[in-house]
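**Q** I'd like to ask you about the structure that follows.
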Amino acid sequence: MTIPSRPIRFYGHPLSGHSHRVELLLSLLRLPYERVDVDLAKGAHKTPEFLARNPFGQVPVIEDGDTVVFDSNAILAYLAARYDASGQWLPRDPLAAARVQQWLSVAAGQLASGPAAARPVTVFGAKLDHDRAKAIAAQLYAVLDPYLSARRSLSGDAPTIADLAMYSYTALAPEGGVPLDAHANVRAWLARVEALPGFVPVQRTPTKTVA
Ligand SMILES: N[C@@H](CCC(=O)N[C@@H](CS)C(=O)NCC(=O)O)C(=O)O
């Protein structure tokens, strides 16, 4: 397997699900990396130095030698294409690759505007539309649960970066007031991701009561 000549520098935040999905793949691929926690509360992500890495001023970002990549899904695709010689995490077969892209789109769409948007309301007291986010989340899991009834992973069999992109904010969904109790297939899929060798857990947060 190809390995980087220097540890990959991974800029993230411990409470960010977008960051966690990247750390998960770094760990599953057993890549050497050093984590740099970006102090979002102090605005460290909006400094000129950080904006040079990501003009959107968001984590996660990686630096692999002279290569800088921002956006969690783009980072997953880069790491898998560059370092996973087996092709398991980002399949090359056209249909399998399309299946992965389907779920990366959902991760950047319904997952981001649903469970990932519901959580800052309960965890940080963010002034976001909690009801709208919970409604999007409910629609998402109403689709995902039956979809997973006959599948081991989102693209069918072996897990791919699609599973990692969907994992973190789904595991954290209950923190945002999105319970998964009624979605046994989703919970079984989460457990399969958690059983992968090299899995690193996402940090949990005590939640505030939403009025
Ligand atoms: N599309 C981006 C979203 C990243 C994102 O929303 N990051 C959040 C933390 S989870 C962030 O940095 N927020 C600070 C901000 O937007 O100012 C990705 O997938 O990496």
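By convention in this document, the chains of the structure tokens carry letters A, B, ... by their order, each chain's residues are numbered from 1, and ligands are numbered from 1 in the order they are shown.
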For ligand 1, collect every residue having any atom at a distance of at most 8 Å from a ligand atom (counting only C-alpha atoms and all ligand atoms); output as a list in words.

**A**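 Counting only C-alpha atoms and all ligand atoms, the residues within 8 Å of ligand 1 come out as Gly12, His13, Leu15, Ser16, Gly17, His18, Ser19, Leu40, Gly43, His45, Lys46, Phe56, Gly57, Gln58, Val59, Pro60, Val61, Phe70, Asp71, Ser72, Asn73, Ala74 and Ala108 of chain A.
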
**Q** Write a file of the selected residues as a PDB file, in the first residue's frame, keeping C-alpha atoms.

**A**
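The file below, again-v6.pdb, is the result:
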```pdb
ATOM      1  CA  GLY A  12     -10.565  19.427  12.247  1.00  0.00           C
ATOM      2  CA  HIS A  13     -12.686  19.976  15.306  1.00  0.00           C
ATOM      3  CA  LEU A  15     -17.322  18.019  17.751  1.00  0.00           C
ATOM      4  CA  SER A  16     -17.540  18.173  13.952  1.00  0.00           C
ATOM      5  CA  GLY A  17     -19.074  15.168  12.216  1.00  0.00           C
ATOM      6  CA  HIS A  18     -17.582  16.391   8.933  1.00  0.00           C
ATOM      7  CA  SER A  19     -14.166  16.146  10.583  1.00  0.00           C
ATOM      8  CA  LEU A  40     -13.743  27.477  15.874  1.00  0.00           C
ATOM      9  CA  GLY A  43     -12.492  32.126  14.858  1.00  0.00           C
ATOM     10  CA  HIS A  45     -10.935  29.086  10.799  1.00  0.00           C
ATOM     11  CA  LYS A  46     -11.435  32.648   9.493  1.00  0.00           C
ATOM     12  CA  PHE A  56     -14.862  28.798   2.826  1.00  0.00           C
ATOM     13  CA  GLY A  57     -13.230  28.925   6.259  1.00  0.00           C
ATOM     14  CA  GLN A  58     -14.442  25.512   7.358  1.00  0.00           C
ATOM     15  CA  VAL A  59     -13.001  22.311   8.744  1.00  0.00           C
ATOM     16  CA  PRO A  60     -12.001  19.687   7.743  1.00  0.00           C
ATOM     17  CA  VAL A  61      -8.927  20.315   5.619  1.00  0.00           C
ATOM     18  CA  PHE A  70     -10.832  20.862   1.729  1.00  0.00           C
ATOM     19  CA  ASP A  71     -14.386  19.509   1.983  1.00  0.00           C
ATOM     20  CA  SER A  72     -14.923  16.247   3.835  1.00  0.00           C
ATOM     21  CA  ASN A  73     -16.299  14.251   0.908  1.00  0.00           C
ATOM     22  CA  ALA A  74     -13.538  15.473  -1.405  1.00  0.00           C
ATOM     23  CA  ALA A 108     -23.970  16.804   1.495  1.00  0.00           C
TER      24      ALA A 108
END
```

**Q** Could you go through stretch 5-210 of chain A and tell me which residues DSSP, when run on the backbone, assigns to strand (DSSP E), listing them as a list in words?

**A**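 Everything in stretch 5-210 of chain A that counts as strand (DSSP E) is Ile8, Arg9, Phe10, Tyr11, Gly12, Tyr33, Glu34, Arg35, Val36, Asp37, Val61, Ile62, Glu63, Asp64, Thr67, Val68, Val69 and Phe70 of chain A.
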
**Q** Skip A:Gly198 itself and residues of its chain fewer than 3 positions away, then list as a VMD selection string all residues within 12 Å of it, counting only C-alpha atoms.

**A** chain A and resid 23 to 31 193 to 195 201

**Q** A:Arg53: which residues within 9 Å, counting only C-alpha atoms, same-chain residues fewer than 5 positions away excluded, as a list in words?

**A** Pro48, Val61, Ile62, Glu63, Val68, Val69 and Phe70 of chain A

**Q** Generate a file of the selected residues that holds all heavy atoms, formatted as a PDB file, in the first residue's frame.

**A**
```pdb
ATOM      1  N   PRO A  48      -6.525  34.676   7.818  1.00  0.00           N
ATOM      2  CA  PRO A  48      -5.985  34.582   6.453  1.00  0.00           C
ATOM      3  C   PRO A  48      -5.216  33.283   6.221  1.00  0.00           C
ATOM      4  O   PRO A  48      -5.312  32.678   5.158  1.00  0.00           O
ATOM      5  CB  PRO A  48      -5.068  35.806   6.359  1.00  0.00           C
ATOM      6  CG  PRO A  48      -5.608  36.767   7.381  1.00  0.00           C
ATOM      7  CD  PRO A  48      -6.170  35.930   8.492  1.00  0.00           C
ATOM      8  N   VAL A  61      -9.893  20.117   6.704  1.00  0.00           N
ATOM      9  CA  VAL A  61      -8.927  20.315   5.619  1.00  0.00           C
ATOM     10  C   VAL A  61      -7.793  19.331   5.876  1.00  0.00           C
ATOM     11  O   VAL A  61      -7.488  19.049   7.031  1.00  0.00           O
ATOM     12  CB  VAL A  61      -8.363  21.759   5.646  1.00  0.00           C
ATOM     13  CG1 VAL A  61      -7.260  21.932   4.604  1.00  0.00           C
ATOM     14  CG2 VAL A  61      -9.453  22.803   5.426  1.00  0.00           C
ATOM     15  N   ILE A  62      -7.191  18.832   4.809  1.00  0.00           N
ATOM     16  CA  ILE A  62      -5.946  18.055   5.008  1.00  0.00           C
ATOM     17  C   ILE A  62      -4.826  18.670   4.180  1.00  0.00           C
ATOM     18  O   ILE A  62      -5.063  19.282   3.136  1.00  0.00           O
ATOM     19  CB  ILE A  62      -6.077  16.553   4.646  1.00  0.00           C
ATOM     20  CG1 ILE A  62      -6.445  16.360   3.176  1.00  0.00           C
ATOM     21  CG2 ILE A  62      -7.008  15.819   5.589  1.00  0.00           C
ATOM     22  CD1 ILE A  62      -6.062  14.992   2.627  1.00  0.00           C
ATOM     23  N   GLU A  63      -3.621  18.493   4.691  1.00  0.00           N
ATOM     24  CA  GLU A  63      -2.408  18.792   3.929  1.00  0.00           C
ATOM     25  C   GLU A  63      -1.617  17.500   3.831  1.00  0.00           C
ATOM     26  O   GLU A  63      -1.257  16.905   4.856  1.00  0.00           O
ATOM     27  CB  GLU A  63      -1.552  19.841   4.664  1.00  0.00           C
ATOM     28  CG  GLU A  63      -2.086  21.247   4.551  1.00  0.00           C
ATOM     29  CD  GLU A  63      -1.321  22.234   5.422  1.00  0.00           C
ATOM     30  OE1 GLU A  63      -0.355  21.810   6.108  1.00  0.00           O
ATOM     31  OE2 GLU A  63      -1.717  23.404   5.452  1.00  0.00           O
ATOM     32  N   VAL A  68      -3.161  20.367  -0.687  1.00  0.00           N
ATOM     33  CA  VAL A  68      -4.180  20.774   0.286  1.00  0.00           C
ATOM     34  C   VAL A  68      -5.543  20.415  -0.292  1.00  0.00           C
ATOM     35  O   VAL A  68      -5.834  20.707  -1.450  1.00  0.00           O
ATOM     36  CB  VAL A  68      -4.116  22.301   0.543  1.00  0.00           C
ATOM     37  CG1 VAL A  68      -5.172  22.715   1.579  1.00  0.00           C
ATOM     38  CG2 VAL A  68      -2.731  22.703   1.008  1.00  0.00           C
ATOM     39  N   VAL A  69      -6.376  19.753   0.523  1.00  0.00           N
ATOM     40  CA  VAL A  69      -7.728  19.400   0.076  1.00  0.00           C
ATOM     41  C   VAL A  69      -8.709  19.811   1.170  1.00  0.00           C
ATOM     42  O   VAL A  69      -8.519  19.480   2.345  1.00  0.00           O
ATOM     43  CB  VAL A  69      -7.888  17.882  -0.196  1.00  0.00           C
ATOM     44  CG1 VAL A  69      -9.268  17.580  -0.788  1.00  0.00           C
ATOM     45  CG2 VAL A  69      -6.799  17.364  -1.134  1.00  0.00           C
ATOM     46  N   PHE A  70      -9.760  20.552   0.780  1.00  0.00           N
ATOM     47  CA  PHE A  70     -10.832  20.862   1.729  1.00  0.00           C
ATOM     48  C   PHE A  70     -12.115  20.202   1.265  1.00  0.00           C
ATOM     49  O   PHE A  70     -12.215  19.759   0.125  1.00  0.00           O
ATOM     50  CB  PHE A  70     -11.000  22.380   1.917  1.00  0.00           C
ATOM     51  CG  PHE A  70     -11.505  23.138   0.703  1.00  0.00           C
ATOM     52  CD1 PHE A  70     -12.862  23.167   0.380  1.00  0.00           C
ATOM     53  CD2 PHE A  70     -10.628  23.833  -0.109  1.00  0.00           C
ATOM     54  CE1 PHE A  70     -13.328  23.872  -0.720  1.00  0.00           C
ATOM     55  CE2 PHE A  70     -11.081  24.540  -1.216  1.00  0.00           C
ATOM     56  CZ  PHE A  70     -12.442  24.556  -1.523  1.00  0.00           C
TER      57      PHE A  70
END
```

**Q** Just checking: using only C-alpha atoms, which residue out of A:Ala41, A:Val22, A:Ala80, A:Ala137 ends up closest to A:Phe124?

**A** A:Ala41

**Q** Once DSSP has gone over the backbone, tell me which residues of stretch 13-205 of chain A are in alpha helix (DSSP H), as a ChimeraX atom specification.

**A** /A:17-28,48-51,72-83,94-106,112-113,115-124,130-147,161-171,184-194

**Q** Under the rule that only C-alpha atoms are counted, which of A:Pro14, A:Pro7, A:Pro174, A:Pro197 is the nearest residue to A:Ala116?

**A**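 Of all the options, A:Pro174 lies closest to A:Ala116.
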
**Q** Can you tell me how far atom CA of A:Leu196 sits from atom CA of A:Ala118, in Å to one decimal?

**A**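 Rounded to one decimal, the two atoms are 27.3 Å apart.
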
**Q** So which one's closest to A:Ile161, A:Arg99, A:Lys42, A:Arg9, A:Arg132? Using only C-alpha atoms, please.

**A** A:Arg99

**Q** Write out as a PDB file with C-alpha atoms, in the first residue's frame the residues lying within 7 Å of stretch 166-172 of chain A, counting only C-alpha atoms and excluding same-chain residues fewer than 5 positions away.

**A**
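Contents of out_32.pdb, freshly written:
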```pdb
ATOM      1  CA  GLY A  17     -19.074  15.168  12.216  1.00  0.00           C
ATOM      2  CA  HIS A  20     -14.925  12.765  12.121  1.00  0.00           C
ATOM      3  CA  ARG A  21     -15.682  11.110   8.779  1.00  0.00           C
ATOM      4  CA  ALA A 107     -24.450  13.275   2.868  1.00  0.00           C
ATOM      5  CA  PRO A 115     -29.669  15.572  11.382  1.00  0.00           C
ATOM      6  CA  ALA A 116     -26.451  17.609  11.100  1.00  0.00           C
ATOM      7  CA  LEU A 190     -24.043   1.884  12.455  1.00  0.00           C
ATOM      8  CA  VAL A 202     -17.119  10.186  17.321  1.00  0.00           C
TER       9      VAL A 202
END
```

**Q** Any idea what the distance is between atom CA of A:Val106 and atom CA of A:Tyr33?

**A**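 Atom-to-atom, atom CA of A:Val106 to atom CA of A:Tyr33, that is 27.6 Å.
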
**Q** Determine, counting only C-alpha atoms, which protein, DNA and RNA residues have an atom within 9 Å of an atom of stretch 182-185 of chain A; residues of the same chain fewer than 3 positions away are not included. Present the result as a list of chain:residue names.

**A**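 Residues meeting the cut-off are A:Tyr141, A:Ala142, A:Leu144, A:Asp145, A:Pro146, A:Tyr147, A:Leu148, A:Ser149, A:Ala150, A:Pro179, A:Ala188, A:Trp189, A:Leu190.
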
**Q** Please produce a file of those selected residues containing N, CA and C atoms, as a PDB file, in the first residue's frame.

**A**
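Now in selection.pdb:
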```pdb
ATOM      1  N   TYR A 141     -34.384   9.161   7.148  1.00  0.00           N
ATOM      2  CA  TYR A 141     -34.304   7.842   7.767  1.00  0.00           C
ATOM      3  C   TYR A 141     -35.472   6.945   7.375  1.00  0.00           C
ATOM      4  N   ALA A 142     -36.570   7.549   6.937  1.00  0.00           N
ATOM      5  CA  ALA A 142     -37.689   6.743   6.412  1.00  0.00           C
ATOM      6  C   ALA A 142     -37.288   6.074   5.097  1.00  0.00           C
ATOM      7  N   LEU A 144     -33.772   5.574   4.335  1.00  0.00           N
ATOM      8  CA  LEU A 144     -32.549   4.810   4.595  1.00  0.00           C
ATOM      9  C   LEU A 144     -32.832   3.472   5.285  1.00  0.00           C
ATOM     10  N   ASP A 145     -33.772   3.458   6.197  1.00  0.00           N
ATOM     11  CA  ASP A 145     -33.994   2.229   6.966  1.00  0.00           C
ATOM     12  C   ASP A 145     -34.418   1.055   6.073  1.00  0.00           C
ATOM     13  N   PRO A 146     -35.453   1.198   5.243  1.00  0.00           N
ATOM     14  CA  PRO A 146     -35.786   0.074   4.353  1.00  0.00           C
ATOM     15  C   PRO A 146     -34.691  -0.211   3.321  1.00  0.00           C
ATOM     16  N   TYR A 147     -33.989   0.835   2.891  1.00  0.00           N
ATOM     17  CA  TYR A 147     -32.901   0.646   1.910  1.00  0.00           C
ATOM     18  C   TYR A 147     -31.839  -0.303   2.468  1.00  0.00           C
ATOM     19  N   LEU A 148     -31.593  -0.190   3.772  1.00  0.00           N
ATOM     20  CA  LEU A 148     -30.543  -1.001   4.393  1.00  0.00           C
ATOM     21  C   LEU A 148     -31.035  -2.388   4.826  1.00  0.00           C
ATOM     22  N   SER A 149     -32.310  -2.679   4.594  1.00  0.00           N
ATOM     23  CA  SER A 149     -32.841  -3.950   5.107  1.00  0.00           C
ATOM     24  C   SER A 149     -32.175  -5.146   4.436  1.00  0.00           C
ATOM     25  N   ALA A 150     -31.787  -5.018   3.180  1.00  0.00           N
ATOM     26  CA  ALA A 150     -31.183  -6.157   2.475  1.00  0.00           C
ATOM     27  C   ALA A 150     -29.756  -5.862   2.043  1.00  0.00           C
ATOM     28  N   PRO A 179     -34.361  10.723  17.090  1.00  0.00           N
ATOM     29  CA  PRO A 179     -34.136   9.379  17.617  1.00  0.00           C
ATOM     30  C   PRO A 179     -34.063   8.338  16.498  1.00  0.00           C
ATOM     31  N   ALA A 188     -28.334  -1.172  13.023  1.00  0.00           N
ATOM     32  CA  ALA A 188     -27.480  -2.344  12.741  1.00  0.00           C
ATOM     33  C   ALA A 188     -26.333  -1.947  11.809  1.00  0.00           C
ATOM     34  N   TRP A 189     -26.632  -1.057  10.857  1.00  0.00           N
ATOM     35  CA  TRP A 189     -25.572  -0.569   9.939  1.00  0.00           C
ATOM     36  C   TRP A 189     -24.534   0.263  10.704  1.00  0.00           C
ATOM     37  N   LEU A 190     -24.994   1.122  11.624  1.00  0.00           N
ATOM     38  CA  LEU A 190     -24.043   1.884  12.455  1.00  0.00           C
ATOM     39  C   LEU A 190     -23.112   0.925  13.199  1.00  0.00           C
TER      40      LEU A 190
END
```

**Q** What's the 12 Å shell around stretch 92-97 of chain A, counting only C-alpha atoms, without same-chain residues fewer than 3 positions away, as a ChimeraX atom specification?

**A** /A:77,80-81,84-89,100-104,153-162

**Q** Atom CA of A:Arg187 and atom CA of A:Ala173 are how many Å apart?

**A**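 Separating atom CA of A:Arg187 from atom CA of A:Ala173 is a distance of 11.2 Å.
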
**Q** Go through A:Thr47, A:Thr122, A:Glu34, A:Ala165 one by one, measure the shortest atom-to-atom distance of each to A:Ile75 using only C-alpha atoms, and give the residue with the smallest value.

**A**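 Of A:Thr47, A:Thr122, A:Glu34, A:Ala165, the one nearest A:Ile75, counting only C-alpha atoms, is A:Ala165.
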